Amino acid sequence: MIILHVSDPHCATGVLRRILGEASYDLVAATGDYECLDTAEALLGAGGRVVAVTGNMDTPAIRRRLQEAGVLVEGRVATVSGLSVAGVGGLDPAGTMARLGGSAEVLLSHHPPRGVLDLTLLGVHAGLDELVEVASRLGARLHLFGHIHESPGFRVEWGRLHVNPGPALEGRYAVIDYPRGVVSLGRVRV
């Protein structure tokens with residue numbers, strides 16, 4: 001399965017549409033900070049299945065729209081095209097982590113786990129310790145997140161592949177061939 005991972009478009013609706021139009025994928029995994037309702041709507045117009053969580057900059061209206069569209073996976077495990085996906089939202093990370101049970105191959109969260117692709121420009125690791133435990137409890141093999149714009153990349157830690165595509169605002173995205181674990185970081189012109 002080819003997963004297109006986008007995060008942090010921050011109202012750059014046109015850029016998000018370019019990413020969705022240029023990349024090839026079976027599933028879009030979006031990890032928040034759409035910030036504008038039309039940006040979330042652009043995500044819903046993707047050619048393929050979509051799963052999403054909110055970011056810390058999103059509004060309750062964006063959360064409602066994603067939920068109405070059936071793509072929000074916060075606080076639950078969903079099966080999409082045979083893949084089990086769990087989500088931790090950025091509006092209420094503690095609440096959505098507390099509701100998660102069962103197992104999932106893929107974890108979507110807005111925030112990164114502490115110590116993995118979470119280094120800010122100030123040299124601070126800004127990830128959440130609790131996400132390490134949640135991903136382990138779920139048995140996730142792939143953890144997709146954003147939030148920290150300055151730490152795009154991918155790496156294997158604790159037996160799972162972690163991917164931060166960087167901000168879609170800058171045209172950044174990641175394509176993951178799952179379960180092979182092959183990651184390509186891409187960028188469209190902004």
# chains A, B, ... in the order shown; residues from 1 in each chain; ligands from 1
>>> select_by_dssp(residues="chain A", states="alpha helix (DSSP H)", output="CSV table (one decimal) with C-alpha atoms, in the first residue's frame")
chain,number,residue,atom,x,y,z
A,13,THR,CA,-5.1,25.1,0.4
A,14,GLY,CA,-3.6,25.5,-3.1
A,15,VAL,CA,-0.3,23.8,-2.0
A,16,LEU,CA,-2.2,20.9,-0.4
A,17,ARG,CA,-4.2,20.5,-3.7
A,18,ARG,CA,-0.9,20.4,-5.7
A,19,ILE,CA,0.5,17.7,-3.4
A,20,LEU,CA,-2.7,15.6,-3.6
A,21,GLY,CA,-2.6,16.0,-7.4
A,22,GLU,CA,1.0,15.2,-8.0
A,37,LEU,CA,-12.0,24.8,6.8
A,38,ASP,CA,-11.4,25.0,3.0
A,39,THR,CA,-8.0,23.3,3.6
A,40,ALA,CA,-9.7,20.4,5.3
A,41,GLU,CA,-12.2,20.3,2.5
A,42,ALA,CA,-9.4,20.0,0.0
A,43,LEU,CA,-8.1,17.0,1.9
A,44,LEU,CA,-11.5,15.4,1.6
A,60,PRO,CA,-13.8,22.3,16.6
A,61,ALA,CA,-15.5,23.1,13.3
A,62,ILE,CA,-12.6,21.4,11.4
A,63,ARG,CA,-12.8,18.4,13.8
A,64,ARG,CA,-16.6,18.2,13.2
A,65,ARG,CA,-16.2,18.3,9.4
A,66,LEU,CA,-13.5,15.5,9.4
A,67,GLN,CA,-15.7,13.4,11.7
A,68,GLU,CA,-18.8,14.0,9.5
A,93,PRO,CA,-4.0,14.5,22.9
A,94,ALA,CA,-4.5,13.2,26.4
A,95,GLY,CA,-8.2,12.5,25.9
A,96,THR,CA,-7.7,10.7,22.6
A,97,MET,CA,-4.8,8.6,24.0
A,98,ALA,CA,-7.0,7.6,26.9
A,99,ARG,CA,-9.7,6.3,24.6
A,129,ASP,CA,6.5,11.0,26.2
A,130,GLU,CA,3.1,9.4,26.4
A,131,LEU,CA,3.1,8.7,22.6
A,132,VAL,CA,6.0,6.3,23.0
A,133,GLU,CA,3.9,4.2,25.4
A,134,VAL,CA,0.7,4.4,23.3
A,135,ALA,CA,2.5,3.3,20.1
A,136,SER,CA,4.0,0.4,22.0
A,137,ARG,CA,0.7,-0.6,23.6
A,138,LEU,CA,-1.0,-0.6,20.2
>>> residues_around(residues="Gly171 in chain A", least_positions_apart="4", cutoff="6 Å", atoms="only C-alpha atoms", output="ChimeraX atom specification")
/A:187-188,190
>>> select_by_dssp(residues="range 4-189 of chain A", states="strand (DSSP E or B)", output="PyMOL selection string")
chain A and resi 4-6+27-30+49-52+72+74+77-80+83-88+106-109+113+119+125+128+142-144+153-157+160-164+172-177+182-187
>>> write_last_selection(atoms="C-alpha atoms", output="PDB file, in the first residue's frame")
ATOM      1  CA  LEU A   4       0.775   9.757   1.205  1.00  0.00           C
ATOM      2  CA  HIS A   5       1.500  11.512   4.502  1.00  0.00           C
ATOM      3  CA  VAL A   6       0.782  15.244   4.808  1.00  0.00           C
ATOM      4  CA  LEU A  27      -4.292   6.219   1.126  1.00  0.00           C
ATOM      5  CA  VAL A  28      -3.806   9.766   2.433  1.00  0.00           C
ATOM      6  CA  ALA A  29      -2.782  10.043   6.102  1.00  0.00           C
ATOM      7  CA  ALA A  30      -3.142  13.627   7.340  1.00  0.00           C
ATOM      8  CA  ARG A  49      -9.063   6.869   0.977  1.00  0.00           C
ATOM      9  CA  VAL A  50      -8.275   9.422   3.713  1.00  0.00           C
ATOM     10  CA  VAL A  51      -7.580   9.093   7.449  1.00  0.00           C
ATOM     11  CA  ALA A  52      -6.919  12.152   9.582  1.00  0.00           C
ATOM     12  CA  LEU A  72     -11.305  11.230  11.655  1.00  0.00           C
ATOM     13  CA  GLU A  74      -8.953  10.269  16.884  1.00  0.00           C
ATOM     14  CA  VAL A  77      -8.906   2.253  15.673  1.00  0.00           C
ATOM     15  CA  ALA A  78     -10.312   2.062  12.135  1.00  0.00           C
ATOM     16  CA  THR A  79      -9.700  -0.470   9.404  1.00  0.00           C
ATOM     17  CA  VAL A  80      -9.062   1.202   6.068  1.00  0.00           C
ATOM     18  CA  LEU A  83      -4.943  -1.573   7.392  1.00  0.00           C
ATOM     19  CA  SER A  84      -5.619  -0.870  11.085  1.00  0.00           C
ATOM     20  CA  VAL A  85      -5.078   2.818  11.894  1.00  0.00           C
ATOM     21  CA  ALA A  86      -5.339   4.578  15.279  1.00  0.00           C
ATOM     22  CA  GLY A  87      -5.283   8.308  15.930  1.00  0.00           C
ATOM     23  CA  VAL A  88      -4.246  10.818  18.583  1.00  0.00           C
ATOM     24  CA  VAL A 106      -0.332   2.536  12.049  1.00  0.00           C
ATOM     25  CA  LEU A 107      -0.547   5.379  14.562  1.00  0.00           C
ATOM     26  CA  LEU A 108      -1.370   8.907  13.393  1.00  0.00           C
ATOM     27  CA  SER A 109      -0.726  11.772  15.787  1.00  0.00           C
ATOM     28  CA  PRO A 113       6.989  11.104  20.394  1.00  0.00           C
ATOM     29  CA  LEU A 119      13.937  18.872  17.762  1.00  0.00           C
ATOM     30  CA  HIS A 125      12.844  18.013  22.166  1.00  0.00           C
ATOM     31  CA  LEU A 128       5.196  13.780  23.981  1.00  0.00           C
ATOM     32  CA  LEU A 142       4.444   2.851  11.625  1.00  0.00           C
ATOM     33  CA  HIS A 143       3.994   6.209  13.406  1.00  0.00           C
ATOM     34  CA  LEU A 144       3.090   9.239  11.275  1.00  0.00           C
ATOM     35  CA  GLY A 153      12.615  13.008   8.120  1.00  0.00           C
ATOM     36  CA  PHE A 154      12.158   9.360   8.957  1.00  0.00           C
ATOM     37  CA  ARG A 155      13.867   6.847  11.209  1.00  0.00           C
ATOM     38  CA  VAL A 156      13.346   3.541  12.956  1.00  0.00           C
ATOM     39  CA  GLU A 157      13.178   3.685  16.745  1.00  0.00           C
ATOM     40  CA  ARG A 160       8.778   1.130  14.459  1.00  0.00           C
ATOM     41  CA  LEU A 161       9.192   3.479  11.518  1.00  0.00           C
ATOM     42  CA  HIS A 162       8.556   7.151  12.383  1.00  0.00           C
ATOM     43  CA  VAL A 163       7.852   9.764   9.691  1.00  0.00           C
ATOM     44  CA  ASN A 164       7.588  13.557   9.950  1.00  0.00           C
ATOM     45  CA  ARG A 172       6.547  18.961   1.832  1.00  0.00           C
ATOM     46  CA  TYR A 173       5.095  15.458   2.013  1.00  0.00           C
ATOM     47  CA  ALA A 174       6.172  11.832   2.443  1.00  0.00           C
ATOM     48  CA  VAL A 175       5.266   8.701   0.507  1.00  0.00           C
ATOM     49  CA  ILE A 176       5.525   5.423   2.403  1.00  0.00           C
ATOM     50  CA  ASP A 177       5.445   1.998   0.747  1.00  0.00           C
ATOM     51  CA  VAL A 182      10.375   2.449   2.004  1.00  0.00           C
ATOM     52  CA  VAL A 183      10.006   6.224   2.535  1.00  0.00           C
ATOM     53  CA  SER A 184      10.436   9.037   0.025  1.00  0.00           C
ATOM     54  CA  LEU A 185      10.308  12.657   1.120  1.00  0.00           C
ATOM     55  CA  GLY A 186       8.923  14.953  -1.558  1.00  0.00           C
ATOM     56  CA  ARG A 187       8.262  18.594  -2.212  1.00  0.00           C
TER      57      ARG A 187
END
>>> atom_distance(atom1="CA of Thr54 in chain A", atom2="CA of Thr31 in chain A")
6.4 Å
>>> closest_residue(among="A:Glu105, A:Asp58, A:Glu35, A:Asp26", to="Gly90 in chain A", atoms="only C-alpha atoms")
A:Asp58
>>> atom_distance(atom1="CA of Glu170 in chain A", atom2="CA of Ala140 in chain A")
28.2 Å
>>> decode(residues="range 35-144 of chain A", atoms="C-alpha atoms", output="mmCIF file, in the first residue's frame")
data_model
loop_
_atom_site.group_PDB
_atom_site.id
_atom_site.type_symbol
_atom_site.label_atom_id
_atom_site.label_comp_id
_atom_site.auth_asym_id
_atom_site.auth_seq_id
_atom_site.Cartn_x
_atom_site.Cartn_y
_atom_site.Cartn_z
ATOM 1 C CA GLU A 35 -6.240 25.652 10.262
ATOM 2 C CA CYS A 36 -8.798 26.661 7.584
ATOM 3 C CA LEU A 37 -11.986 24.789 6.775
ATOM 4 C CA ASP A 38 -11.357 25.006 3.018
ATOM 5 C CA THR A 39 -7.986 23.309 3.556
ATOM 6 C CA ALA A 40 -9.706 20.415 5.345
ATOM 7 C CA GLU A 41 -12.230 20.304 2.469
ATOM 8 C CA ALA A 42 -9.363 20.039 -0.032
ATOM 9 C CA LEU A 43 -8.074 17.034 1.902
ATOM 10 C CA LEU A 44 -11.502 15.399 1.649
ATOM 11 C CA GLY A 45 -11.327 15.800 -2.136
ATOM 12 C CA ALA A 46 -8.251 13.561 -2.390
ATOM 13 C CA GLY A 47 -8.345 10.772 -4.950
ATOM 14 C CA GLY A 48 -8.349 7.787 -2.607
ATOM 15 C CA ARG A 49 -9.063 6.869 0.977
ATOM 16 C CA VAL A 50 -8.275 9.422 3.713
ATOM 17 C CA VAL A 51 -7.580 9.093 7.449
ATOM 18 C CA ALA A 52 -6.919 12.152 9.582
ATOM 19 C CA VAL A 53 -6.371 13.653 13.010
ATOM 20 C CA THR A 54 -6.546 17.296 14.086
ATOM 21 C CA GLY A 55 -3.619 19.496 14.973
ATOM 22 C CA ASN A 56 -3.233 21.904 17.869
ATOM 23 C CA MET A 57 -4.107 24.866 15.572
ATOM 24 C CA ASP A 58 -7.369 23.380 14.293
ATOM 25 C CA THR A 59 -10.854 24.423 15.375
ATOM 26 C CA PRO A 60 -13.767 22.335 16.630
ATOM 27 C CA ALA A 61 -15.482 23.098 13.275
ATOM 28 C CA ILE A 62 -12.627 21.406 11.399
ATOM 29 C CA ARG A 63 -12.786 18.444 13.774
ATOM 30 C CA ARG A 64 -16.573 18.153 13.193
ATOM 31 C CA ARG A 65 -16.162 18.305 9.406
ATOM 32 C CA LEU A 66 -13.537 15.538 9.392
ATOM 33 C CA GLN A 67 -15.744 13.450 11.673
ATOM 34 C CA GLU A 68 -18.837 14.007 9.488
ATOM 35 C CA ALA A 69 -16.811 12.900 6.460
ATOM 36 C CA GLY A 70 -15.868 9.679 8.282
ATOM 37 C CA VAL A 71 -12.107 10.210 8.043
ATOM 38 C CA LEU A 72 -11.305 11.230 11.655
ATOM 39 C CA VAL A 73 -9.587 8.431 13.608
ATOM 40 C CA GLU A 74 -8.953 10.269 16.884
ATOM 41 C CA GLY A 75 -9.366 8.053 19.934
ATOM 42 C CA ARG A 76 -10.258 4.976 17.916
ATOM 43 C CA VAL A 77 -8.906 2.253 15.673
ATOM 44 C CA ALA A 78 -10.312 2.062 12.135
ATOM 45 C CA THR A 79 -9.700 -0.470 9.404
ATOM 46 C CA VAL A 80 -9.062 1.202 6.068
ATOM 47 C CA SER A 81 -8.286 -0.930 3.014
ATOM 48 C CA GLY A 82 -7.288 -3.770 5.343
ATOM 49 C CA LEU A 83 -4.943 -1.573 7.392
ATOM 50 C CA SER A 84 -5.619 -0.870 11.085
ATOM 51 C CA VAL A 85 -5.078 2.818 11.894
ATOM 52 C CA ALA A 86 -5.339 4.578 15.279
ATOM 53 C CA GLY A 87 -5.283 8.308 15.930
ATOM 54 C CA VAL A 88 -4.246 10.818 18.583
ATOM 55 C CA GLY A 89 -5.524 14.322 17.869
ATOM 56 C CA GLY A 90 -3.723 17.574 18.486
ATOM 57 C CA LEU A 91 -6.718 19.359 20.031
ATOM 58 C CA ASP A 92 -6.961 16.857 22.915
ATOM 59 C CA PRO A 93 -3.991 14.473 22.851
ATOM 60 C CA ALA A 94 -4.465 13.202 26.417
ATOM 61 C CA GLY A 95 -8.182 12.547 25.901
ATOM 62 C CA THR A 96 -7.735 10.712 22.612
ATOM 63 C CA MET A 97 -4.830 8.647 23.984
ATOM 64 C CA ALA A 98 -7.001 7.602 26.940
ATOM 65 C CA ARG A 99 -9.743 6.316 24.591
ATOM 66 C CA LEU A 100 -7.428 4.190 22.458
ATOM 67 C CA GLY A 101 -7.558 0.458 22.970
ATOM 68 C CA GLY A 102 -6.825 -2.663 20.987
ATOM 69 C CA SER A 103 -4.092 -2.842 18.408
ATOM 70 C CA ALA A 104 -3.172 -0.937 15.261
ATOM 71 C CA GLU A 105 -0.450 -1.222 12.645
ATOM 72 C CA VAL A 106 -0.332 2.536 12.049
ATOM 73 C CA LEU A 107 -0.547 5.379 14.562
ATOM 74 C CA LEU A 108 -1.370 8.907 13.393
ATOM 75 C CA SER A 109 -0.726 11.772 15.787
ATOM 76 C CA HIS A 110 -0.156 15.464 15.349
ATOM 77 C CA HIS A 111 2.633 15.570 17.933
ATOM 78 C CA PRO A 112 5.776 13.447 17.674
ATOM 79 C CA PRO A 113 6.989 11.104 20.394
ATOM 80 C CA ARG A 114 9.680 12.656 22.585
ATOM 81 C CA GLY A 115 13.144 12.237 21.132
ATOM 82 C CA VAL A 116 12.113 11.318 17.571
ATOM 83 C CA LEU A 117 12.102 13.995 14.844
ATOM 84 C CA ASP A 118 10.964 16.511 17.475
ATOM 85 C CA LEU A 119 13.937 18.872 17.762
ATOM 86 C CA THR A 120 12.937 22.552 17.569
ATOM 87 C CA LEU A 121 15.095 25.434 16.341
ATOM 88 C CA LEU A 122 15.803 26.200 20.010
ATOM 89 C CA GLY A 123 17.322 22.729 20.469
ATOM 90 C CA VAL A 124 14.435 21.452 22.601
ATOM 91 C CA HIS A 125 12.844 18.013 22.166
ATOM 92 C CA ALA A 126 9.147 18.947 22.042
ATOM 93 C CA GLY A 127 7.550 15.523 21.561
ATOM 94 C CA LEU A 128 5.196 13.780 23.981
ATOM 95 C CA ASP A 129 6.527 11.002 26.232
ATOM 96 C CA GLU A 130 3.081 9.365 26.353
ATOM 97 C CA LEU A 131 3.101 8.683 22.600
ATOM 98 C CA VAL A 132 5.988 6.261 22.991
ATOM 99 C CA GLU A 133 3.900 4.171 25.406
ATOM 100 C CA VAL A 134 0.717 4.422 23.305
ATOM 101 C CA ALA A 135 2.490 3.305 20.120
ATOM 102 C CA SER A 136 4.039 0.369 21.995
ATOM 103 C CA ARG A 137 0.723 -0.633 23.587
ATOM 104 C CA LEU A 138 -1.006 -0.600 20.191
ATOM 105 C CA GLY A 139 1.816 -2.577 18.581
ATOM 106 C CA ALA A 140 2.169 0.091 15.872
ATOM 107 C CA ARG A 141 4.794 -0.586 13.216
ATOM 108 C CA LEU A 142 4.444 2.851 11.625
ATOM 109 C CA HIS A 143 3.994 6.209 13.406
ATOM 110 C CA LEU A 144 3.090 9.239 11.275
#
